Each structure stands twice: as C-alpha cells, then as structure tokens.
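Enquirer: My questions will all concern the structure given below.
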Protein chains: 2
Amino acid sequence: MNTVPTPKRIAILGSTGSIGHSTLSIVESFPERYSVVSLAAGRNVEDALAQCLRWRPRVVSMADAQLADALQRKLNANGIKDIEVVYGSAGTIRVATLPDVDFVVSAIVGVAGLEATYAAVQAGKTIGLANKECLVAAGELIIAAAREKNVALLPIDSEHNAVHQCMRGGTRQEVRNIWLTASGGPFRNMPLAEFEHITVEQALKHPTWVMGRRITVDSATMLNKGLEIIEACRLFDVPASQVKVTVHPQSTIHSLVEFVDGSILAQLSVTDMRLPVLYALSYPERVPSDLNFDLKSLSQLDFSTPDFERFPCLRLAYEAAEAGGSACIALNAADEVAVAAFLNGVIPFTSIPRTIEAVLTRMPVTHPATIPAVLEADAEARSVAREVLSSAASMATTTRI
Amino acid sequence: MNTVPTPKRIAILGSTGSIGHSTLSIVESFPERYSVVSLAAGRNVEDALAQCLRWRPRVVSMADAQLADALQRKLNANGIKDIEVVYGSAGTIRVATLPDVDFVVSAIVGVAGLEATYAAVQAGKTIGLANKECLVAAGELIIAAAREKNVALLPIDSEHNAVHQCMRGGTRQEVRNIWLTASGGPFRNMPLAEFEHITVEQALKHPTWVMGRRITVDSATMLNKGLEIIEACRLFDVPASQVKVTVHPQSTIHSLVEFVDGSILAQLSVTDMRLPVLYALSYPERVPSDLNFDLKSLSQLDFSTPDFERFPCLRLAYEAAEAGGSACIALNAADEVAVAAFLNGVIPFTSIPRTIEAVLTRMPVTHPATIPAVLEADAEARSVAREVLSSAASMATTTRI
C-alpha cells in the first residue's frame, strides 16, 4: 500500500527566469511531491537545454522557430528523442494546457504570458501567478474565467502571497483593508528637488530585492506597488479604496490584512521567492522547508506613509485601478515604454509618471472582452506612449514633459 | 421574515472585573448579537447592583452569603424581584451552567474560577477563557473535557487570542513554533545588579498595560509570560519547546505563529481587551467594530530575545511546562504567595523566583485527576511556599533565599 500521493504535475511558463528557477529548486527539494511536465523557456537555449537534461519534460516551448530549432539540435546531439520542442504563442499554450498538467506556474514577464495563462485557466488548471500583466492588463477576463471554471489563482509574489495567507484569518466580507508593504525603493528619503537628476545607476540600486531592470525602476517610482494595488483588487475582489500601502524598508512583513473587527494579520518571512512558490504549489497544505526566518534576528521594523507627491505613480495607479479595463493596460504599457526610455537615457526619472499620465489622459477607457482585444489595447497604449515621448523630445529645447 | 439571528446568551464569571466590564461593553455595543443571562459578580456589591439594574440577568452570584444578602436587599429596595441571587462556588457553577447559556466568559481571577469553568465545559458551553488558572493549574483536565464534549475554548487574552487568529493560517500539524510577544516589563533594560533593590513602586509601573497588582509584578518578573507559555502548550497542544518568547516593548504585535514552510503570521491590534472579547464572542465570524488600529500611526517595532538570567521565572516556567501536572500548579501558587510577600515588603524582588524554585524543588510532580485534587495541590503548594518564606525569614539575619 502506497500512501505517498501522486506528485503534482507542473508546467512552468517562464522556466528560465527567476521564478522559473525558484520553482525548479522547489521541485528539486520535493521530488515526491512535484514533477515537471512541460516548460516554456523563452529565448535562453543553453538554460533550456540544461533544464531538459535535468528535468526531462515532455514538452518544451521556445520563443520562436529558430530558437526551437537550435534547442532541437542540441537535444539530438545529446541523444534525447523524447522531448517535443514547440515554439511561439501556440507552443506556450500547448505547454500550459497539456492534459496531464495539474498546476501552471505563470511567470513569463510581460503580455507574452497572457494567452497561455488564460488558456490554462480555461483548461481548468490551478494557476500559480507570478506574471503581473495577467491581473493588471487582463485581470477582469482572467478572474471571470477562473470563477467560471472554479480555478484557484495562487499569487507567487511576496506581497499577494502574504495577503493570501492573512486572508485565511477571515472571510472576504470580513476584510476592511489590504495593506501592501513597500520597501519605498532607493529614493524614499531623497529630497523631491533632486528627483529630476536621478541617474539610471541610482534607480537600479534596490535596497532589498535583486530583480530585473524594469521592475527595479518600477520599484524606485513605486509604479510597481501601483500595479500590485491593481492586482490585489482583482485577486481579492476589493475596490482600490480598500487597498493601502505602507512603506516598510526592511521588507520583513510582506503585507497585512485588516479585518472589520480591528484585528490585523501580517505575514513575515525570509525574502526568498521559493517561499511563495512553495506556498502556492502546496496550498492548501504547508510543506516543511528550511526557508526559516529567524525571529531572534528581528530587531527593528519601520513603517511610514508613502508620499504621493514624491511618488505620483501611486496616485496614477489608484486612478487606473478605479477606472479599470484599458486604463490598467495603459498604465502598465506606458510605464514599460517610459522606463525603457529612461534606461536609454532619453528621458529623466520624473518624466516616467508624466508620460504615463499623458497616455492615461489621451486614451479613452474601454473594457476589452477578449485577450486579443487586451493585446490590441496594450499595443495602442505603447504607440501612444511613444508619440508622447517623441512629441516631448521635439519640444525638448523649450520645455520638458 | 426575521433574518437577525437569536442573540448569543452569555454568562460572565467575574463580571465586576476588568474582562467582565470589557465583555459588558461589547454586549452594550451589539445588543442584537449578545445578551446577558447570568453574572458571577464576586465581592463588589455596588457594581453587582449596577450591573443588575442595567442588564437584568436571570441569576447573579456573589462570593458569599453575606454579600448575596446585601445585594438582595438593594435589589428589593429598587423593586427588583426577578433576579435570583445565589452565592459561593455552587452559585458560580449555577451561573455557568444555566441551560439557556450558550457562552461562558471565564474571567474570575485565581483558582476560584476553576470548578465553574470545568462545569461549564462539562455542560457543553462554549468558553471564552480569560482565567489563567484554568489552563495553568487544571489545563490537562479542562482540555480533556473540552475535547470529550467537543467544546470550543476561545482565549480572551491578547497573546493567545493572537495565536488563535494566526493558527487559522494552517493546521496544528503545520505549526513549527508559537512566538508569544512580551513587553519585557519595566526592568528589561535594568542592570542585573540592581534587581535586588527593585521597589514595589517600580515593579507596579508597567510600560504598556494597566492591570492588577499581581499580574503587573508577574509581568516585571516575566512569570506572567511563563504562565502564558504553559497556557499555549495546553490550548494549542504543542510541547513547551515549540513555544518561544520574543521581547517586543511596543506590544503592537500580540503574538506570532511560525509554520513549517517558514512563513510567519502575526496579529496586530490596539491594546484593548474588548478586541479579544469580541473575537471570542463572535468566532468563527468577525464583527465590525470601531476598535481600529491605525497602521498609519505605526512607526517602529522592536524585538529582542529575553534574557533568562535576568528573568529566571521564564526558565522555571519552561521546566514546569515540561513536567506538567502539579509542577504548573506549584509554579502559579508559589508565585502568588511570593508576589504577595514582595508587595508586603517581606522579600526582595529577586526572591520571587527563588521562592518558586524552592517550592518546585520540594514538591514531587503529580497529575491531579479531578478539580478538587487540583485545588488540593494548589493549597499544598501555597503552604510549602509560606514555609519556604518563613524559613528564609528566620535565616534572614545571616543569609537570604
């Protein structure tokens, strides 16, 4: 008699990224609990090959035909014949919807993960959600589909994962406010007058987390926290007015939930993404891990209220969250374009929120009813953002946006 | 069609004490949810009368026949005929076990509340537990009875109430450690050499909570936290090795639960006993209240490891918790005798733990199987404590215990 349960069968969308690696590290630690069925590996052929050799997935998807071909040749050279290599958005969808997949980790950065995640929800897979766009750009659609298919969406990011844990202390109706903690980024104490002169190098130095370039700048503008406000609204079905932000530089408390009786639950842990991955993969169980937070090492936790003047992106995010639909798409898309321009030295740091605001002002709010319509609105917002930037550049001799 | 549920019918053991008043304040705020059926009011006739006039309970119990008679005369003078006045331990038991009582708030200080609380458990009432002795002295008995009768024991003290809330984030088997927070009392930073000269006045100044005299001294020796360790062991079925203490002077986080995956949940709220009372009364629901904790007011939280040399009572409590049975009874009883001697100027502050240790050493560990046996062990421990104190006093010219 075998009492060990069948391992949960996992597809990872974005297997070569940071969350992908954290997920595989968890699978490595718990081979009796989790197995890898399929991977969407994107553009990193070397890493994809290494993952194929180690995990022997049934299906691997690459970003395009050329990369798929490159991987196929390397697999052949290693004498591996039993891995199906696919590519593109159809390939990612195939990875996400294989019949023997139980759980899909959605960790492709950007809108590229939307279609496959939506397809996975439609196919009834449990979703571990690490992709922001799924909730920010397509939240209304994906949440509706998840409800219809009775699919669990388990957040794999430290803040929403913390909220998910704290929500267990009561019902949705018993929640008064969700409090997301924010590190405040590198500029929370910089005089506002110096913001205009923030360099790319300064913006890329995050005090707590080591992350990608865009998300690090988003953390410096607090747009990142703004996107999380929208995610929290979608994920936990609360209006933006019930999602608050507290600046907590130590990032020890990952978020809090305030209940109607006045009690607040908070979640603390090490700042290691394997923890939310493990939580999502094992939910509703908790699996023993060595990801210990030593409470004896805790000495001081600080909190303060975020300054909306210093961080206009927060205000813009609340406005977008309330407007919903394409406003959230535009917020995210315009920010991506503006951050790229900042990283390329084209615009100053303070023009990031100005660009976003200009795009939000120009685009009427619509509520796209399909994923292609979401992608279209996203493309339009990027195009508007580029227009805003180029018209600002042409005026740059006299004024700055 | 009436959709308002029948109010929960409440008995309060210790109605004229601090928790009794907090409970009545909650009933006052939610008359549609809670009603008062019976009160055990103890020795305060004036307060008992006022509560009778306001709440019109069916039964009121006083500490003895004389006090009951005094209350009866005052009720007669006010023309009130429909309140039954009873007294003594039989009276308290009657208050606790009336057939139309749903919920018993057990808030009589000391061993006096044991019998009635045990009877309430046997009668299948839900218990809101604010009396330490129920779990410290008679924990093994009361927990066993509660399990047998499938009775919920809901803690009404800030720490265990916090733990109860955090435990909702997982199962009992998923708990790695319970972390009780301690203010550390007024002496957490005093040089150890000065402990011998601590005055009664100094010991009665608690930095956070305003409480009774014994509990304030217990907080200064941290014996109070020691009793809470034992309570946590009983209430949440964990060994003493899984109950830890962290010193947190702000008393904002009321306690924490560390799960096996490495996640920690913490509960924060205002330091107002009405909140745990409301939580216990309304559990498993949460009822909207105005007991708000303003997270915007949160600026800094400090934590440190308690110093067992400075606070030997903590070590003694761990030892008693592990030994169980009469060791826990002796810990509590010896402390009560020693604290009274300290408050009367008979022994120095540092002799409180010395007295307790001497009593623990002298008394063999037994496991009383009935409430009378618990009371007997309690009386014996008090007698041993007095012997220890008087033999120390007789030696006081040459040495000190």
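Chain lettering (A, B, ...) mirrors the order of the structure tokens, residue numbering begins at 1 for each chain separately, and ligand numbering begins at 1 in order of display.
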Counting only C-alpha atoms, which residues of chain A come no farther than 8 Å from chain B, as a PyMOL selection string?
Expert: chain A and resi 165-166+168-170+174+246+259-270+275+278-279+285-293+295-305
Enquirer: As a PyMOL selection string, please: every residue in region 25-179 of chain A that a backbone DSSP assignment puts in strand (DSSP E).
Expert: chain A and resi 34-42+59-62+84-87+103-106+126-129+153-155+175-179
Enquirer: Do you know which residues are at most 7 Å from region 226-242 of chain A counting only C-alpha atoms, after dropping those on the same chain fewer than 6 positions away, and could you put them as a PyMOL selection string?
Expert: chain A and resi 135-136+139-140+143+160+176-178+313-314+317-318+321-322
Enquirer: Neighbours of region 83-87 of chain B within 12 Å (only C-alpha atoms; same-chain residues fewer than 3 positions away dropped), as number ranges by chain?
Expert: B: 37-43, 45, 48-49, 51-53, 55-76, 78-80, 90-95
Enquirer: Tell me, in Å to one decimal, how far CA of Val384 (chain A) is from CA of Ala334 (chain A).
Expert: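 The value is 7.9 Å.
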Enquirer: Any chance you could list, as a ChimeraX atom specification, the residues in region 11-56 of chain A that come up alpha helix (DSSP H) when DSSP is run on the backbone?
Expert: /A:18-29,45-55
Enquirer: Let's have the selection written as a short mmCIF file (atom, residue, chain, number, x, y, z; two decimals), in the first residue's frame, with N, CA, C and O atoms.
Expert:
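Wrote result28.cif, looks like this:
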```cif
data_model
loop_
_atom_site.label_atom_id
_atom_site.label_comp_id
_atom_site.auth_asym_id
_atom_site.auth_seq_id
_atom_site.Cartn_x
_atom_site.Cartn_y
_atom_site.Cartn_z
N SER A 18 13.68 34.03 -13.23
CA SER A 18 13.96 33.91 -11.80
C SER A 18 12.92 33.05 -11.06
O SER A 18 13.28 32.15 -10.29
N ILE A 19 11.63 33.26 -11.36
CA ILE A 19 10.59 32.45 -10.72
C ILE A 19 10.66 31.01 -11.23
O ILE A 19 10.45 30.05 -10.47
N GLY A 20 11.00 30.87 -12.52
CA GLY A 20 11.16 29.52 -13.08
C GLY A 20 12.23 28.75 -12.32
O GLY A 20 12.03 27.59 -11.93
N HIS A 21 13.37 29.42 -12.08
CA HIS A 21 14.45 28.75 -11.35
C HIS A 21 14.03 28.44 -9.91
O HIS A 21 14.35 27.36 -9.39
N SER A 22 13.33 29.39 -9.27
CA SER A 22 12.85 29.13 -7.90
C SER A 22 11.91 27.92 -7.89
O SER A 22 11.97 27.08 -6.98
N THR A 23 11.06 27.84 -8.89
CA THR A 23 10.11 26.72 -8.95
C THR A 23 10.85 25.40 -9.11
O THR A 23 10.57 24.42 -8.41
N LEU A 24 11.83 25.38 -10.01
CA LEU A 24 12.58 24.14 -10.22
C LEU A 24 13.38 23.76 -8.98
O LEU A 24 13.55 22.58 -8.67
N SER A 25 13.83 24.77 -8.25
CA SER A 25 14.55 24.50 -7.00
C SER A 25 13.61 23.83 -5.98
O SER A 25 14.03 22.92 -5.25
N ILE A 26 12.37 24.27 -5.95
CA ILE A 26 11.38 23.64 -5.06
C ILE A 26 11.08 22.21 -5.51
O ILE A 26 11.03 21.29 -4.70
N VAL A 27 10.93 22.01 -6.83
CA VAL A 27 10.68 20.66 -7.34
C VAL A 27 11.86 19.75 -6.98
O VAL A 27 11.68 18.59 -6.58
N GLU A 28 13.06 20.32 -7.10
CA GLU A 28 14.29 19.58 -6.74
C GLU A 28 14.24 19.13 -5.27
O GLU A 28 14.63 18.01 -4.94
N SER A 29 13.75 20.03 -4.41
CA SER A 29 13.71 19.71 -2.97
C SER A 29 12.61 18.72 -2.61
O SER A 29 12.69 18.05 -1.59
N VAL A 45 18.49 29.32 -24.89
CA VAL A 45 18.63 27.94 -25.37
C VAL A 45 19.50 27.10 -24.44
O VAL A 45 19.18 25.95 -24.14
N GLU A 46 20.61 27.69 -23.97
CA GLU A 46 21.52 26.94 -23.09
C GLU A 46 20.81 26.49 -21.82
O GLU A 46 20.91 25.35 -21.40
N ASP A 47 20.09 27.45 -21.22
CA ASP A 47 19.38 27.14 -19.98
C ASP A 47 18.26 26.12 -20.25
O ASP A 47 18.03 25.19 -19.48
N ALA A 48 17.57 26.31 -21.38
CA ALA A 48 16.50 25.38 -21.76
C ALA A 48 17.06 23.96 -21.90
O ALA A 48 16.47 22.99 -21.42
N LEU A 49 18.24 23.87 -22.52
CA LEU A 49 18.86 22.55 -22.69
C LEU A 49 19.19 21.93 -21.33
O LEU A 49 18.87 20.76 -21.08
N ALA A 50 19.80 22.74 -20.47
CA ALA A 50 20.15 22.23 -19.14
C ALA A 50 18.90 21.75 -18.40
O ALA A 50 18.91 20.70 -17.75
N GLN A 51 17.81 22.50 -18.52
CA GLN A 51 16.57 22.10 -17.86
C GLN A 51 16.01 20.82 -18.47
O GLN A 51 15.47 19.96 -17.77
N CYS A 52 16.15 20.69 -19.80
CA CYS A 52 15.68 19.45 -20.45
C CYS A 52 16.48 18.25 -19.96
O CYS A 52 15.92 17.18 -19.69
N LEU A 53 17.80 18.45 -19.84
CA LEU A 53 18.65 17.34 -19.41
C LEU A 53 18.33 16.94 -17.98
O LEU A 53 18.29 15.76 -17.64
N ARG A 54 18.10 17.95 -17.15
CA ARG A 54 17.84 17.67 -15.74
C ARG A 54 16.43 17.16 -15.50
O ARG A 54 16.21 16.23 -14.73
N TRP A 55 15.43 17.76 -16.16
CA TRP A 55 14.04 17.50 -15.78
C TRP A 55 13.27 16.62 -16.76
O TRP A 55 12.18 16.16 -16.44
#
```
Enquirer: If we count only C-alpha atoms and set the cut-off at 10 Å, which residues sit around Arg188 (chain A), ignoring sequence neighbours fewer than 4 positions away in its own chain? Please answer as a JSON list (two decimals) with N, CA and C atoms, in the first residue's frame.
Expert:
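As written to disk, around-v4.json reads:
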```json
[["chain", "number", "residue", "atom", "x", "y", "z"],
["A", 183, "SER", "N", 8.96, 48.64, -0.03],
["A", 183, "SER", "CA", 10.28, 48.99, 0.51],
["A", 183, "SER", "C", 10.47, 50.51, 0.44],
["A", 184, "GLY", "N", 9.74, 51.14, -0.49],
["A", 184, "GLY", "CA", 9.92, 52.58, -0.67],
["A", 184, "GLY", "C", 11.02, 52.88, -1.67],
["A", 192, "LEU", "N", 12.77, 65.92, -2.78],
["A", 192, "LEU", "CA", 11.99, 65.90, -4.02],
["A", 192, "LEU", "C", 12.69, 66.69, -5.14],
["A", 220, "ALA", "N", 11.52, 51.94, -7.82],
["A", 220, "ALA", "CA", 12.00, 53.27, -7.47],
["A", 220, "ALA", "C", 10.92, 54.34, -7.67],
["A", 221, "THR", "N", 10.07, 54.15, -8.68],
["A", 221, "THR", "CA", 8.96, 55.11, -8.91],
["A", 221, "THR", "C", 7.73, 54.72, -8.08],
["A", 222, "MET", "N", 7.75, 53.52, -7.50],
["A", 222, "MET", "CA", 6.62, 52.90, -6.82],
["A", 222, "MET", "C", 5.47, 52.55, -7.76],
["A", 247, "VAL", "N", 4.93, 52.04, 3.76],
["A", 247, "VAL", "CA", 6.34, 51.91, 3.43],
["A", 247, "VAL", "C", 7.05, 51.23, 4.59],
["A", 249, "PRO", "N", 10.72, 49.67, 4.98],
["A", 249, "PRO", "CA", 12.00, 49.48, 4.27],
["A", 249, "PRO", "C", 12.63, 48.11, 4.47],
["A", 306, "PRO", "N", 3.35, 56.38, 2.46],
["A", 306, "PRO", "CA", 4.02, 56.81, 1.22],
["A", 306, "PRO", "C", 3.62, 58.24, 0.84],
["A", 307, "ASP", "N", 4.56, 58.95, 0.25],
["A", 307, "ASP", "CA", 4.37, 60.34, -0.13],
["A", 307, "ASP", "C", 3.92, 60.39, -1.59],
["A", 310, "ARG", "N", 5.96, 62.62, -3.96],
["A", 310, "ARG", "CA", 7.23, 62.02, -4.35],
["A", 310, "ARG", "C", 7.01, 60.87, -5.35],
["A", 311, "PHE", "N", 5.90, 60.18, -5.17],
["A", 311, "PHE", "CA", 5.62, 59.01, -5.99],
["A", 311, "PHE", "C", 4.28, 59.13, -6.72]]
```
Enquirer: Would you mind listing what lies within 8 Å of Arg33 (chain A) as an mmCIF file with all heavy atoms, in the first residue's frame, with only C-alpha atoms counted and same-chain residues fewer than 4 positions away left out?
Expert:
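Written out: selection-v8.cif:
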```
data_model
loop_
_atom_site.group_PDB
_atom_site.id
_atom_site.type_symbol
_atom_site.label_atom_id
_atom_site.label_comp_id
_atom_site.auth_asym_id
_atom_site.auth_seq_id
_atom_site.Cartn_x
_atom_site.Cartn_y
_atom_site.Cartn_z
ATOM 1 N N PRO A 5 1.186 10.489 -2.018
ATOM 2 C CA PRO A 5 0.295 10.909 -3.099
ATOM 3 C C PRO A 5 1.060 11.026 -4.419
ATOM 4 O O PRO A 5 2.285 11.169 -4.428
ATOM 5 C CB PRO A 5 -0.186 12.283 -2.634
ATOM 6 C CG PRO A 5 0.880 12.797 -1.717
ATOM 7 C CD PRO A 5 1.514 11.580 -1.096
ATOM 8 N N THR A 6 0.344 10.942 -5.519
ATOM 9 C CA THR A 6 0.948 11.171 -6.830
ATOM 10 C C THR A 6 1.501 12.594 -6.859
ATOM 11 O O THR A 6 0.837 13.506 -6.396
ATOM 12 C CB THR A 6 -0.133 11.060 -7.934
ATOM 13 O OG1 THR A 6 -0.983 9.960 -7.611
ATOM 14 C CG2 THR A 6 0.489 10.866 -9.289
ATOM 15 N N PRO A 7 2.711 12.780 -7.400
ATOM 16 C CA PRO A 7 3.242 14.150 -7.450
ATOM 17 C C PRO A 7 2.335 15.071 -8.279
ATOM 18 O O PRO A 7 1.695 14.628 -9.233
ATOM 19 C CB PRO A 7 4.605 13.976 -8.133
ATOM 20 C CG PRO A 7 4.965 12.559 -7.965
ATOM 21 C CD PRO A 7 3.666 11.798 -7.931
ATOM 22 N N LYS A 8 2.278 16.345 -7.868
ATOM 23 C CA LYS A 8 1.555 17.353 -8.637
ATOM 24 C C LYS A 8 2.353 17.594 -9.913
ATOM 25 O O LYS A 8 3.567 17.795 -9.868
ATOM 26 C CB LYS A 8 1.483 18.638 -7.807
ATOM 27 C CG LYS A 8 0.095 19.240 -7.702
ATOM 28 C CD LYS A 8 0.080 20.429 -6.755
ATOM 29 C CE LYS A 8 -0.834 20.182 -5.572
ATOM 30 N NZ LYS A 8 -0.947 21.360 -4.682
ATOM 31 N N VAL A 27 10.932 22.008 -6.826
ATOM 32 C CA VAL A 27 10.683 20.656 -7.338
ATOM 33 C C VAL A 27 11.863 19.753 -6.982
ATOM 34 O O VAL A 27 11.684 18.595 -6.576
ATOM 35 C CB VAL A 27 10.445 20.683 -8.863
ATOM 36 C CG1 VAL A 27 10.267 19.269 -9.405
ATOM 37 C CG2 VAL A 27 9.220 21.529 -9.199
#
```
Enquirer: Please identify all polymer residues within 12 Å of Glu387 (chain B), counting only C-alpha atoms, omitting same-chain residues fewer than 3 positions from it, and present them as a ChimeraX atom specification.
Expert: /B:334,337-338,355-356,358-359,362,380-384,390-394
Enquirer: Calculate how many Å separate CA of Thr370 (chain B) from CA of Ala152 (chain B), rounding to one decimal.
Expert: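 A separation of 20.4 Å between them.
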